[in-house]
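Structure file my_file06.pdb with PDB, C-alpha atoms:
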```
ATOM      1  CA  MET A   1       0.000   0.000   0.000
ATOM      2  CA  ASN A   2       1.470   3.350  -1.019
ATOM      3  CA  ALA A   3       1.608   6.481   1.142
ATOM      4  CA  ALA A   4      -1.494   8.051  -0.387
ATOM      5  CA  ASP A   5      -3.563   4.925   0.273
ATOM      6  CA  ARG A   6      -2.264   4.690   3.857
ATOM      7  CA  TRP A   7      -3.182   8.348   4.398
ATOM      8  CA  ALA A   8      -6.715   7.841   3.108
ATOM      9  CA  GLU A   9      -7.143   4.644   5.118
ATOM     10  CA  ALA A  10      -5.925   6.304   8.333
ATOM     11  CA  LEU A  11      -8.364   9.201   7.944
ATOM     12  CA  ALA A  12     -11.215   6.793   7.151
ATOM     13  CA  ALA A  13     -10.459   4.875  10.355
ATOM     14  CA  ARG A  14     -11.078   8.111  12.297
ATOM     15  CA  ALA A  15     -14.583   8.535  10.872
ATOM     16  CA  ILE A  16     -17.469   8.978  13.292
ATOM     17  CA  PRO A  17     -19.888   6.032  13.025
ATOM     18  CA  GLN A  18     -22.994   6.964  11.059
ATOM     19  CA  SER A  19     -25.250   5.876  13.927
ATOM     20  CA  ILE A  20     -23.698   8.558  16.159
ATOM     21  CA  ILE A  21     -24.019  11.223  13.454
ATOM     22  CA  ASP A  22     -27.663  10.281  12.849
ATOM     23  CA  ALA A  23     -28.437  10.664  16.560
ATOM     24  CA  ALA A  24     -26.573  13.976  16.924
ATOM     25  CA  PRO A  25     -28.701  17.090  17.521
ATOM     26  CA  THR A  26     -26.339  19.124  15.329
ATOM     27  CA  SER A  27     -23.975  18.203  12.518
ATOM     28  CA  PRO A  28     -20.422  17.789  13.850
ATOM     29  CA  TRP A  29     -18.949  19.363  10.715
ATOM     30  CA  GLY A  30     -18.187  22.958   9.919
ATOM     31  CA  PHE A  31     -16.700  25.744  12.005
ATOM     32  CA  PRO A  32     -18.139  28.732  13.872
ATOM     33  CA  THR A  33     -17.197  31.984  12.190
ATOM     34  CA  GLU A  34     -16.441  33.685  15.506
ATOM     35  CA  LEU A  35     -13.460  31.397  16.115
ATOM     36  CA  PHE A  36     -11.950  32.295  12.761
ATOM     37  CA  ARG A  37     -12.757  35.969  13.217
ATOM     38  CA  THR A  38     -10.679  36.075  16.420
ATOM     39  CA  ARG A  39      -7.875  34.059  14.815
ATOM     40  CA  ALA A  40      -7.642  36.543  11.962
ATOM     41  CA  ARG A  41      -7.780  39.482  14.367
ATOM     42  CA  THR A  42      -5.160  38.145  16.766
ATOM     43  CA  SER A  43      -2.742  36.754  14.164
ATOM     44  CA  SER A  44      -1.281  40.243  13.813
ATOM     45  CA  ALA A  45      -0.544  40.257  17.542
ATOM     46  CA  ARG A  46       2.269  37.707  17.256
ATOM     47  CA  PRO A  47       5.525  39.426  18.257
ATOM     48  CA  VAL A  48       7.532  37.282  15.823
ATOM     49  CA  ALA A  49       6.389  36.034  12.423
ATOM     50  CA  THR A  50       5.734  32.314  12.242
ATOM     51  CA  PRO A  51       7.756  30.078   9.882
ATOM     52  CA  THR A  52       4.683  29.944   7.634
ATOM     53  CA  THR A  53       4.676  33.733   7.232
ATOM     54  CA  VAL A  54       8.447  33.909   6.794
ATOM     55  CA  ARG A  55       8.557  31.228   4.073
ATOM     56  CA  ALA A  56       5.670  32.820   2.193
ATOM     57  CA  LEU A  57       7.208  36.301   2.339
ATOM     58  CA  GLU A  58      10.525  34.949   1.029
ATOM     59  CA  ALA A  59       8.866  34.099  -2.278
ATOM     60  CA  LEU A  60       6.303  36.904  -2.485
ATOM     61  CA  PRO A  61       7.208  39.893  -4.690
ATOM     62  CA  ALA A  62       5.944  43.360  -3.834
ATOM     63  CA  PRO A  63       3.168  43.696  -4.789
ATOM     64  CA  GLY A  64       2.446  40.015  -5.211
ATOM     65  CA  THR A  65      -0.560  37.764  -5.414
ATOM     66  CA  VAL A  66      -1.591  35.199  -2.808
ATOM     67  CA  LEU A  67      -4.118  32.355  -2.983
ATOM     68  CA  ASP A  68      -5.234  31.026   0.413
ATOM     69  CA  VAL A  69      -6.987  27.651   0.126
ATOM     70  CA  GLY A  70      -9.253  26.932   3.082
ATOM     71  CA  VAL A  71      -8.915  30.575   4.026
ATOM     72  CA  GLY A  72     -11.188  30.605   7.071
ATOM     73  CA  GLY A  73     -10.876  34.099   8.488
ATOM     74  CA  GLY A  74      -7.552  34.714   6.756
ATOM     75  CA  ALA A  75      -5.144  34.013   9.622
ATOM     76  CA  THR A  76      -2.642  32.316   7.286
ATOM     77  CA  SER A  77      -2.639  34.879   4.470
ATOM     78  CA  LEU A  78      -3.445  38.235   6.063
ATOM     79  CA  PRO A  79      -0.024  38.524   7.761
ATOM     80  CA  LEU A  80       1.235  38.824   4.153
ATOM     81  CA  ALA A  81      -0.956  41.878   3.497
ATOM     82  CA  PRO A  82       1.829  44.514   3.747
ATOM     83  CA  ARG A  83       3.508  42.990   0.679
ATOM     84  CA  ALA A  84       0.560  41.461  -1.155
ATOM     85  CA  GLY A  85      -1.115  43.327  -3.961
ATOM     86  CA  ARG A  86      -4.092  40.952  -3.870
ATOM     87  CA  ILE A  87      -5.161  38.017  -1.691
ATOM     88  CA  THR A  88      -7.742  35.528  -2.923
ATOM     89  CA  GLY A  89      -9.495  33.472  -0.276
ATOM     90  CA  PHE A  90     -10.905  30.081  -1.296
ATOM     91  CA  ASP A  91     -13.281  28.272   1.063
ATOM     92  CA  GLN A  92     -16.361  26.072   0.935
ATOM     93  CA  GLN A  93     -18.159  28.072   3.657
ATOM     94  CA  ALA A  94     -19.755  31.319   2.463
ATOM     95  CA  ASP A  95     -19.837  32.734   5.983
ATOM     96  CA  MET A  96     -16.084  32.161   6.331
ATOM     97  CA  LEU A  97     -15.466  34.108   3.139
ATOM     98  CA  GLU A  98     -17.481  36.991   4.559
ATOM     99  CA  VAL A  99     -15.268  36.985   7.650
ATOM    100  CA  PHE A 100     -12.163  36.907   5.457
ATOM    101  CA  LEU A 101     -13.298  39.849   3.328
ATOM    102  CA  GLU A 102     -14.125  41.807   6.477
ATOM    103  CA  ALA A 103     -10.663  41.140   7.911
ATOM    104  CA  ALA A 104      -8.949  41.877   4.598
ATOM    105  CA  GLY A 105     -10.742  45.209   4.416
ATOM    106  CA  ALA A 106      -9.499  46.069   7.892
ATOM    107  CA  ALA A 107      -5.980  45.128   6.798
ATOM    108  CA  GLY A 108      -6.245  47.424   3.772
ATOM    109  CA  VAL A 109      -5.476  44.759   1.175
ATOM    110  CA  ASP A 110      -7.279  44.089  -2.090
ATOM    111  CA  ALA A 111      -9.115  40.802  -1.651
ATOM    112  CA  ARG A 112     -11.517  38.558  -3.476
ATOM    113  CA  ALA A 113     -13.412  35.462  -2.373
ATOM    114  CA  VAL A 114     -14.061  32.207  -4.233
ATOM    115  CA  GLN A 115     -16.436  29.613  -2.827
ATOM    116  CA  GLY A 116     -15.922  25.964  -3.652
ATOM    117  CA  ARG A 117     -14.414  22.641  -2.678
ATOM    118  CA  TRP A 118     -10.714  22.018  -3.276
ATOM    119  CA  PRO A 119      -9.587  20.500  -5.590
ATOM    120  CA  ALA A 120     -12.925  19.798  -7.303
ATOM    121  CA  ASP A 121     -13.467  23.510  -7.989
ATOM    122  CA  GLU A 122      -9.831  24.525  -8.423
ATOM    123  CA  ALA A 123     -10.530  25.930 -11.907
ATOM    124  CA  THR A 124     -12.496  28.784 -10.310
ATOM    125  CA  ALA A 125      -9.441  29.958  -8.372
ATOM    126  CA  PRO A 126      -6.836  32.222  -9.988
ATOM    127  CA  PRO A 127      -3.107  31.450 -10.110
ATOM    128  CA  ALA A 128      -0.933  33.325  -7.638
ATOM    129  CA  ASP A 129       2.711  33.981  -6.871
ATOM    130  CA  VAL A 130       2.347  32.196  -3.532
ATOM    131  CA  VAL A 131      -0.279  29.638  -2.526
ATOM    132  CA  VAL A 132      -0.843  29.065   1.184
ATOM    133  CA  SER A 133      -3.117  26.651   3.013
ATOM    134  CA  GLY A 134      -3.400  26.441   6.776
ATOM    135  CA  HIS A 135      -4.716  23.433   8.691
ATOM    136  CA  THR A 136      -6.459  21.766   5.766
ATOM    137  CA  VAL A 137      -4.536  18.565   5.011
ATOM    138  CA  TYR A 138      -6.323  16.449   7.629
ATOM    139  CA  ASN A 139      -9.564  17.257   5.815
ATOM    140  CA  ALA A 140      -8.170  15.937   2.520
ATOM    141  CA  PRO A 141      -8.404  12.143   2.348
ATOM    142  CA  ASP A 142      -7.331  12.234  -1.312
ATOM    143  CA  LEU A 143      -4.170  14.200  -0.599
ATOM    144  CA  GLU A 144      -2.296  13.784  -3.899
ATOM    145  CA  PRO A 145      -4.734  15.757  -6.098
ATOM    146  CA  PHE A 146      -5.222  18.281  -3.280
ATOM    147  CA  VAL A 147      -1.502  19.028  -3.213
ATOM    148  CA  SER A 148      -1.063  18.846  -6.984
ATOM    149  CA  ALA A 149      -3.750  21.501  -7.451
ATOM    150  CA  LEU A 150      -1.971  23.777  -4.968
ATOM    151  CA  ASP A 151       1.269  23.327  -6.878
ATOM    152  CA  THR A 152      -0.378  23.997 -10.235
ATOM    153  CA  HIS A 153      -1.743  27.327  -9.019
ATOM    154  CA  ALA A 154       1.557  28.537  -7.557
ATOM    155  CA  GLY A 155       3.918  30.636  -9.638
ATOM    156  CA  ARG A 156       6.656  30.713  -7.023
ATOM    157  CA  ARG A 157       5.938  28.758  -3.840
ATOM    158  CA  VAL A 158       3.432  26.660  -1.901
ATOM    159  CA  VAL A 159       3.369  26.946   1.897
ATOM    160  CA  LEU A 160       1.313  24.582   4.053
ATOM    161  CA  GLU A 161       0.733  24.691   7.791
ATOM    162  CA  ALA A 162      -0.648  21.838   9.890
ATOM    163  CA  THR A 163      -0.357  20.278  13.316
ATOM    164  CA  GLU A 164       2.126  17.434  13.734
ATOM    165  CA  ARG A 165      -0.681  15.107  14.843
ATOM    166  CA  HIS A 166      -4.372  15.185  13.960
ATOM    167  CA  PRO A 167      -5.783  18.392  15.494
ATOM    168  CA  LEU A 168      -8.656  16.527  17.179
ATOM    169  CA  GLY A 169      -6.489  13.756  18.588
ATOM    170  CA  TRP A 170      -6.600  15.320  22.046
ATOM    171  CA  MET A 171     -10.320  14.404  22.239
ATOM    172  CA  HIS A 172      -9.840  10.627  22.227
ATOM    173  CA  ASP A 173     -10.576  10.226  25.937
ATOM    174  CA  LEU A 174     -13.809  12.183  25.468
ATOM    175  CA  TRP A 175     -14.977   9.844  22.699
ATOM    176  CA  ARG A 176     -14.322   6.883  24.996
ATOM    177  CA  ARG A 177     -16.162   8.532  27.910
ATOM    178  CA  PHE A 178     -19.278   9.667  26.054
ATOM    179  CA  HIS A 179     -19.553   7.102  23.247
ATOM    180  CA  ASP A 180     -17.348   4.167  24.318
ATOM    181  CA  LEU A 181     -15.518   4.708  21.036
ATOM    182  CA  ASP A 182     -11.783   4.266  20.428
ATOM    183  CA  ILE A 183     -10.490   6.479  17.624
ATOM    184  CA  PRO A 184      -6.991   5.779  16.241
ATOM    185  CA  ASP A 185      -4.319   8.455  16.482
ATOM    186  CA  ALA A 186      -3.015   8.238  12.882
ATOM    187  CA  PRO A 187      -2.207   9.814  10.516
ATOM    188  CA  SER A 188       0.589  12.265  11.292
ATOM    189  CA  ILE A 189       2.184  14.990   9.227
ATOM    190  CA  ASP A 190       5.094  12.616   8.560
ATOM    191  CA  LEU A 191       2.813  10.513   6.379
ATOM    192  CA  ALA A 192       1.547  13.640   4.601
ATOM    193  CA  VAL A 193       5.158  14.460   3.722
ATOM    194  CA  GLU A 194       5.549  10.970   2.272
ATOM    195  CA  VAL A 195       2.474  11.510   0.114
ATOM    196  CA  ILE A 196       3.718  14.863  -1.166
ATOM    197  CA  GLU A 197       7.214  13.586  -1.904
ATOM    198  CA  ALA A 198       5.759  10.627  -3.790
ATOM    199  CA  THR A 199       4.404  13.151  -6.317
ATOM    200  CA  GLY A 200       7.981  14.250  -7.065
ATOM    201  CA  ILE A 201       7.894  17.391  -4.913
ATOM    202  CA  GLY A 202      10.846  18.052  -2.625
ATOM    203  CA  VAL A 203       9.423  19.342   0.668
ATOM    204  CA  SER A 204      11.155  21.530   3.237
ATOM    205  CA  ARG A 205       9.908  21.444   6.819
ATOM    206  CA  GLU A 206      10.082  23.515   9.982
ATOM    207  CA  ASP A 207       8.425  22.659  13.321
ATOM    208  CA  ARG A 208       7.492  25.127  16.036
ATOM    209  CA  PRO A 209       5.796  24.807  19.427
ATOM    210  CA  ASP A 210       2.361  26.409  19.657
ATOM    211  CA  ARG A 211       1.654  27.191  23.306
ATOM    212  CA  ASP A 212      -0.768  29.229  25.362
ATOM    213  CA  ASP A 213       1.622  32.183  25.239
ATOM    214  CA  ASP A 214       0.984  32.509  21.482
ATOM    215  CA  PRO A 215      -1.428  35.448  21.181
ATOM    216  CA  GLY A 216      -2.506  34.493  17.661
ATOM    217  CA  ALA A 217      -4.373  31.302  18.496
ATOM    218  CA  GLY A 218      -7.901  32.742  18.748
ATOM    219  CA  GLY A 219     -10.806  31.627  20.905
ATOM    220  CA  PHE A 220     -14.256  32.564  22.176
ATOM    221  CA  ASP A 221     -15.648  35.331  24.348
ATOM    222  CA  SER A 222     -17.262  32.839  26.738
ATOM    223  CA  ALA A 223     -16.508  29.406  28.169
ATOM    224  CA  GLU A 224     -19.977  28.279  27.090
ATOM    225  CA  GLU A 225     -19.132  28.930  23.431
ATOM    226  CA  ALA A 226     -15.895  26.935  23.705
ATOM    227  CA  VAL A 227     -17.740  24.026  25.316
ATOM    228  CA  ALA A 228     -20.463  24.221  22.670
ATOM    229  CA  LEU A 229     -17.903  23.668  19.893
ATOM    230  CA  ILE A 230     -16.544  20.528  21.576
ATOM    231  CA  ARG A 231     -20.089  19.336  22.306
ATOM    232  CA  THR A 232     -20.908  19.678  18.602
ATOM    233  CA  ARG A 233     -17.762  17.817  17.579
ATOM    234  CA  LEU A 234     -18.734  15.007  19.982
ATOM    235  CA  CYS A 235     -22.326  14.837  18.693
ATOM    236  CA  LEU A 236     -23.701  15.520  22.190
ATOM    237  CA  PRO A 237     -26.821  17.385  23.327
ATOM    238  CA  ALA A 238     -26.571  20.654  25.260
ATOM    239  CA  SER A 239     -27.943  18.843  28.316
ATOM    240  CA  GLN A 240     -24.507  17.237  28.755
ATOM    241  CA  ASP A 241     -22.580  20.518  28.855
ATOM    242  CA  GLN A 242     -21.957  20.298  32.597
ATOM    243  CA  GLU A 243     -20.574  16.774  32.352
ATOM    244  CA  LEU A 244     -18.477  17.779  29.352
ATOM    245  CA  THR A 245     -17.098  20.787  31.208
ATOM    246  CA  GLU A 246     -16.039  18.506  34.059
ATOM    247  CA  ALA A 247     -14.458  16.054  31.611
ATOM    248  CA  LEU A 248     -12.488  18.841  29.928
ATOM    249  CA  GLY A 249     -11.001  19.947  33.239
ATOM    250  CA  ASP A 250      -8.099  22.342  32.785
ATOM    251  CA  ARG A 251      -8.239  21.890  29.016
ATOM    252  CA  LEU A 252     -11.026  24.485  29.161
ATOM    253  CA  ARG A 253      -9.198  27.691  29.989
ATOM    254  CA  LEU A 254      -8.903  31.424  29.454
ATOM    255  CA  ARG A 255      -6.078  32.437  27.122
ATOM    256  CA  HIS A 256      -5.276  36.044  26.235
ATOM    257  CA  GLY A 257      -8.805  37.061  27.194
ATOM    258  CA  LEU A 258     -10.466  34.349  25.067
ATOM    259  CA  TRP A 259     -11.821  30.930  26.050
ATOM    260  CA  THR A 260     -10.499  27.789  24.395
ATOM    261  CA  ALA A 261     -10.788  24.032  24.855
ATOM    262  CA  GLY A 262      -7.876  21.861  23.839
ATOM    263  CA  PRO A 263      -4.313  20.897  24.690
ATOM    264  CA  PRO A 264      -2.081  23.577  26.269
ATOM    265  CA  SER A 265       0.618  22.927  23.678
ATOM    266  CA  ARG A 266       1.060  21.269  20.319
ATOM    267  CA  THR A 267       3.587  21.211  17.491
ATOM    268  CA  VAL A 268       2.731  23.148  14.343
ATOM    269  CA  VAL A 269       4.573  22.231  11.141
ATOM    270  CA  THR A 270       5.312  24.442   8.133
ATOM    271  CA  LEU A 271       5.895  22.646   4.820
ATOM    272  CA  TRP A 272       6.994  24.495   1.709
ATOM    273  CA  TRP A 273       8.358  23.967  -1.775
ATOM    274  CA  ASP A 274       9.119  26.100  -4.803
ATOM    275  CA  ALA A 275       7.061  25.727  -7.946
ATOM    276  CA  HIS A 276       8.838  24.511 -11.073
ATOM    277  CA  HIS A 277       6.711  26.117 -13.761
ATOM    278  CA  ASP A 278       6.180  29.571 -15.182
ATOM    279  CA  GLU A 279       4.944  32.305 -12.883
ATOM    280  CA  PRO A 280       1.305  33.351 -13.279
ATOM    281  CA  SER A 281       0.677  36.347 -15.505
TER
END
```

When written as structure tokens, how does the structure in this file appear?
Amino acid sequence: MNAADRWAEALAARAIPQSIIDAAPTSPWGFPTELFRTRARTSSARPVATPTTVRALEALPAPGTVLDVGVGGGATSLPLAPRAGRITGFDQQADMLEVFLEAAGAAGVDARAVQGRWPADEATAPPADVVVSGHTVYNAPDLEPFVSALDTHAGRRVVLEATERHPLGWMHDLWRRFHDLDIPDAPSIDLAVEVIEATGIGVSREDRPDRDDDPGAGGFDSAEEAVALIRTRLCLPASQDQELTEALGDRLRLRHGLWTAGPPSRTVVTLWWDAHHDEPS
């Protein structure tokens, strides 16, 4: 079994059983716009640029064009605004694109939004000098065409950011407690690198710790909102919020004035490579 098949199989093994989804009061998929709005707003508060920003700026001319796939609120691409002539945000959620355009307007950068699924709708996205994509690879079971489409759209460089392990891996004990369900830990970013390199792309990598002292992580205005997100992910009713809060323990905490639920630290990985075709016109 090749790397791409192992990646797809590992993600499939993490799937929530359909019986749990059918019984859930709310779909466990999607993201609240408020979380991405705060991430975009606080990303500029980082005292030092992240490796993702540094590697993108290295390849971005002034003024240059940026395509952000899975843009969310723009936390990955908006730190490039001082040099970018135009940033295009691509996302499947219309409400996320509204948040991105709002944040881009505040940053004073020319921006456009394209709604669609990547890579199925890649033809609707323009080429760009630099293509970035933050925290999307674990949502791409068919990783080879996902990455190939990023590379095709990049005139100079592709920069990806993702956690070293699956971003929801810290919830495994909660799945056991509330659903008696064991979810495997795989895959890791190491396997994603194998998949990318199997396409003939030479990948560079830089790891950094992401801790509670990082002001750009985002969060919610209330603890109840943070708990509600985890409750939705776990397919639980609101009546179990108190039990869930107790189960979260100190993983539910106030950070830089915003509430979050999750591990106090994790490793974030930046992957990048230079495109080997003509720059976009």

Resolved residues for the PyMOL selection byres ((chain A and resi 234) around 8) as a PyMOL selection string = chain A and resi 28+174-175+230-233+235-236

key: Within 9 Å of A:Ala228 using only C-alpha atoms, minus same-chain residues under 5 positions, as a PyMOL selection string   = chain A and resi 223+233+238+241

query = What is the atom CA of A:Ala247-atom CA of A:Asp182 distance in Å, reported with one decimal?
reply = 16.5 Å

task = Take atom CA of A:Gly89 and atom CA of A:Thr267 and report the distance between them in Å, one decimal.
result = 25.2 Å

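The residues returned by the PyMOL selection byres ((chain A and resi 263) around 9) for this structure are Trp170, Arg211, Arg251, Leu252, Ala261, Gly262, Pro264, Ser265 and Arg266 of chain A.
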
Given the file above and the PyMOL selection byres ((chain A and resi 260) around 12), which residues are selected, and can you give them as a short mmCIF file (atom, residue, chain, number, x, y, z; two decimals) with C-alpha atoms, in the frame of the given file?
```
data_model
loop_
_atom_site.label_atom_id
_atom_site.label_comp_id
_atom_site.auth_asym_id
_atom_site.auth_seq_id
_atom_site.Cartn_x
_atom_site.Cartn_y
_atom_site.Cartn_z
CA LEU A 35 -13.46 31.40 16.11
CA THR A 38 -10.68 36.08 16.42
CA ARG A 39 -7.88 34.06 14.82
CA ASP A 212 -0.77 29.23 25.36
CA ALA A 217 -4.37 31.30 18.50
CA GLY A 218 -7.90 32.74 18.75
CA GLY A 219 -10.81 31.63 20.90
CA PHE A 220 -14.26 32.56 22.18
CA ASP A 221 -15.65 35.33 24.35
CA SER A 222 -17.26 32.84 26.74
CA ALA A 223 -16.51 29.41 28.17
CA GLU A 224 -19.98 28.28 27.09
CA GLU A 225 -19.13 28.93 23.43
CA ALA A 226 -15.90 26.94 23.70
CA VAL A 227 -17.74 24.03 25.32
CA ALA A 228 -20.46 24.22 22.67
CA LEU A 229 -17.90 23.67 19.89
CA ILE A 230 -16.54 20.53 21.58
CA THR A 245 -17.10 20.79 31.21
CA LEU A 248 -12.49 18.84 29.93
CA GLY A 249 -11.00 19.95 33.24
CA ASP A 250 -8.10 22.34 32.78
CA ARG A 251 -8.24 21.89 29.02
CA LEU A 252 -11.03 24.48 29.16
CA ARG A 253 -9.20 27.69 29.99
CA LEU A 254 -8.90 31.42 29.45
CA ARG A 255 -6.08 32.44 27.12
CA HIS A 256 -5.28 36.04 26.24
CA GLY A 257 -8.80 37.06 27.19
CA LEU A 258 -10.47 34.35 25.07
CA TRP A 259 -11.82 30.93 26.05
CA ALA A 261 -10.79 24.03 24.86
CA GLY A 262 -7.88 21.86 23.84
CA PRO A 263 -4.31 20.90 24.69
CA PRO A 264 -2.08 23.58 26.27
#
```

inquiry  = Using Å and a single decimal, report how far atom CA of A:Ala103 sits from atom CA of A:Asp210.
reply    = 22.9 Å

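The nearest approach to A:Gln115 among the residues A:Ser77, A:Thr136, A:Thr88, A:Thr152, with only C-alpha atoms taken into account, belongs to A:Thr88.
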
Return as AutoDock Vina command-line options the box centre and box size in Å, one decimal, for an axis-aligned box around all listed atoms of stretch 191-194 of chain A padded by 8 Å per side.
```
--center_x 3.5 --center_y 12.5 --center_z 4.3 --size_x 20.0 --size_y 19.9 --size_z 20.1
```

request  = Compile the contact shell of A:Pro126 as a VMD selection string: residues with an atom at most 12 Å away, counting only C-alpha atoms, same-chain residues fewer than 4 positions apart removed.
outcome  = chain A and resid 65 to 69 86 to 90 112 to 114 121 to 122 130 to 131 149 to 150 152 to 155 280 to 281

Can you take the partial stretch 243-262 of chain A, add N, CA and C atoms, and return it as an mmCIF file, in the coordinates of the input?
```
data_model
loop_
_atom_site.group_PDB
_atom_site.id
_atom_site.type_symbol
_atom_site.label_atom_id
_atom_site.label_comp_id
_atom_site.auth_asym_id
_atom_site.auth_seq_id
_atom_site.Cartn_x
_atom_site.Cartn_y
_atom_site.Cartn_z
ATOM 1 N N GLU A 243 -21.449 17.950 32.299
ATOM 2 C CA GLU A 243 -20.574 16.774 32.352
ATOM 3 C C GLU A 243 -19.374 16.956 31.436
ATOM 4 N N LEU A 244 -19.579 17.549 30.273
ATOM 5 C CA LEU A 244 -18.477 17.779 29.352
ATOM 6 C C LEU A 244 -17.484 18.775 29.935
ATOM 7 N N THR A 245 -17.983 19.807 30.574
ATOM 8 C CA THR A 245 -17.098 20.787 31.208
ATOM 9 C C THR A 245 -16.227 20.115 32.259
ATOM 10 N N GLU A 246 -16.817 19.231 33.046
ATOM 11 C CA GLU A 246 -16.039 18.506 34.059
ATOM 12 C C GLU A 246 -15.005 17.597 33.399
ATOM 13 N N ALA A 247 -15.383 16.954 32.305
ATOM 14 C CA ALA A 247 -14.458 16.054 31.611
ATOM 15 C C ALA A 247 -13.295 16.815 30.983
ATOM 16 N N LEU A 248 -13.551 18.033 30.529
ATOM 17 C CA LEU A 248 -12.488 18.841 29.928
ATOM 18 C C LEU A 248 -11.472 19.274 30.969
ATOM 19 N N GLY A 249 -11.925 19.539 32.175
ATOM 20 C CA GLY A 249 -11.001 19.947 33.239
ATOM 21 C C GLY A 249 -10.239 21.190 32.852
ATOM 22 N N ASP A 250 -8.916 21.152 33.063
ATOM 23 C CA ASP A 250 -8.099 22.342 32.785
ATOM 24 C C ASP A 250 -7.817 22.534 31.304
ATOM 25 N N ARG A 251 -8.346 21.654 30.466
ATOM 26 C CA ARG A 251 -8.239 21.890 29.016
ATOM 27 C C ARG A 251 -9.189 23.005 28.567
ATOM 28 N N LEU A 252 -10.168 23.320 29.384
ATOM 29 C CA LEU A 252 -11.026 24.485 29.161
ATOM 30 C C LEU A 252 -10.429 25.628 29.969
ATOM 31 N N ARG A 253 -9.955 26.666 29.287
ATOM 32 C CA ARG A 253 -9.198 27.691 29.989
ATOM 33 C C ARG A 253 -9.291 29.029 29.264
ATOM 34 N N LEU A 254 -8.939 30.076 29.997
ATOM 35 C CA LEU A 254 -8.903 31.424 29.454
ATOM 36 C C LEU A 254 -7.495 31.714 28.970
ATOM 37 N N ARG A 255 -7.382 32.200 27.730
ATOM 38 C CA ARG A 255 -6.078 32.437 27.122
ATOM 39 C C ARG A 255 -6.121 33.764 26.377
ATOM 40 N N HIS A 256 -5.317 34.717 26.857
ATOM 41 C CA HIS A 256 -5.276 36.044 26.235
ATOM 42 C C HIS A 256 -6.673 36.660 26.111
ATOM 43 N N GLY A 257 -7.484 36.469 27.161
ATOM 44 C CA GLY A 257 -8.805 37.061 27.194
ATOM 45 C C GLY A 257 -9.866 36.304 26.429
ATOM 46 N N LEU A 258 -9.518 35.152 25.839
ATOM 47 C CA LEU A 258 -10.466 34.349 25.067
ATOM 48 C C LEU A 258 -10.501 32.921 25.607
ATOM 49 N N TRP A 259 -11.665 32.293 25.560
ATOM 50 C CA TRP A 259 -11.821 30.930 26.050
ATOM 51 C C TRP A 259 -11.514 29.917 24.951
ATOM 52 N N THR A 260 -10.836 28.855 25.330
ATOM 53 C CA THR A 260 -10.499 27.789 24.395
ATOM 54 C C THR A 260 -10.611 26.447 25.097
ATOM 55 N N ALA A 261 -10.797 25.393 24.335
ATOM 56 C CA ALA A 261 -10.788 24.032 24.855
ATOM 57 C C ALA A 261 -9.855 23.212 23.980
ATOM 58 N N GLY A 262 -8.848 22.632 24.595
ATOM 59 C CA GLY A 262 -7.876 21.861 23.839
ATOM 60 C C GLY A 262 -6.589 21.706 24.618
#
```
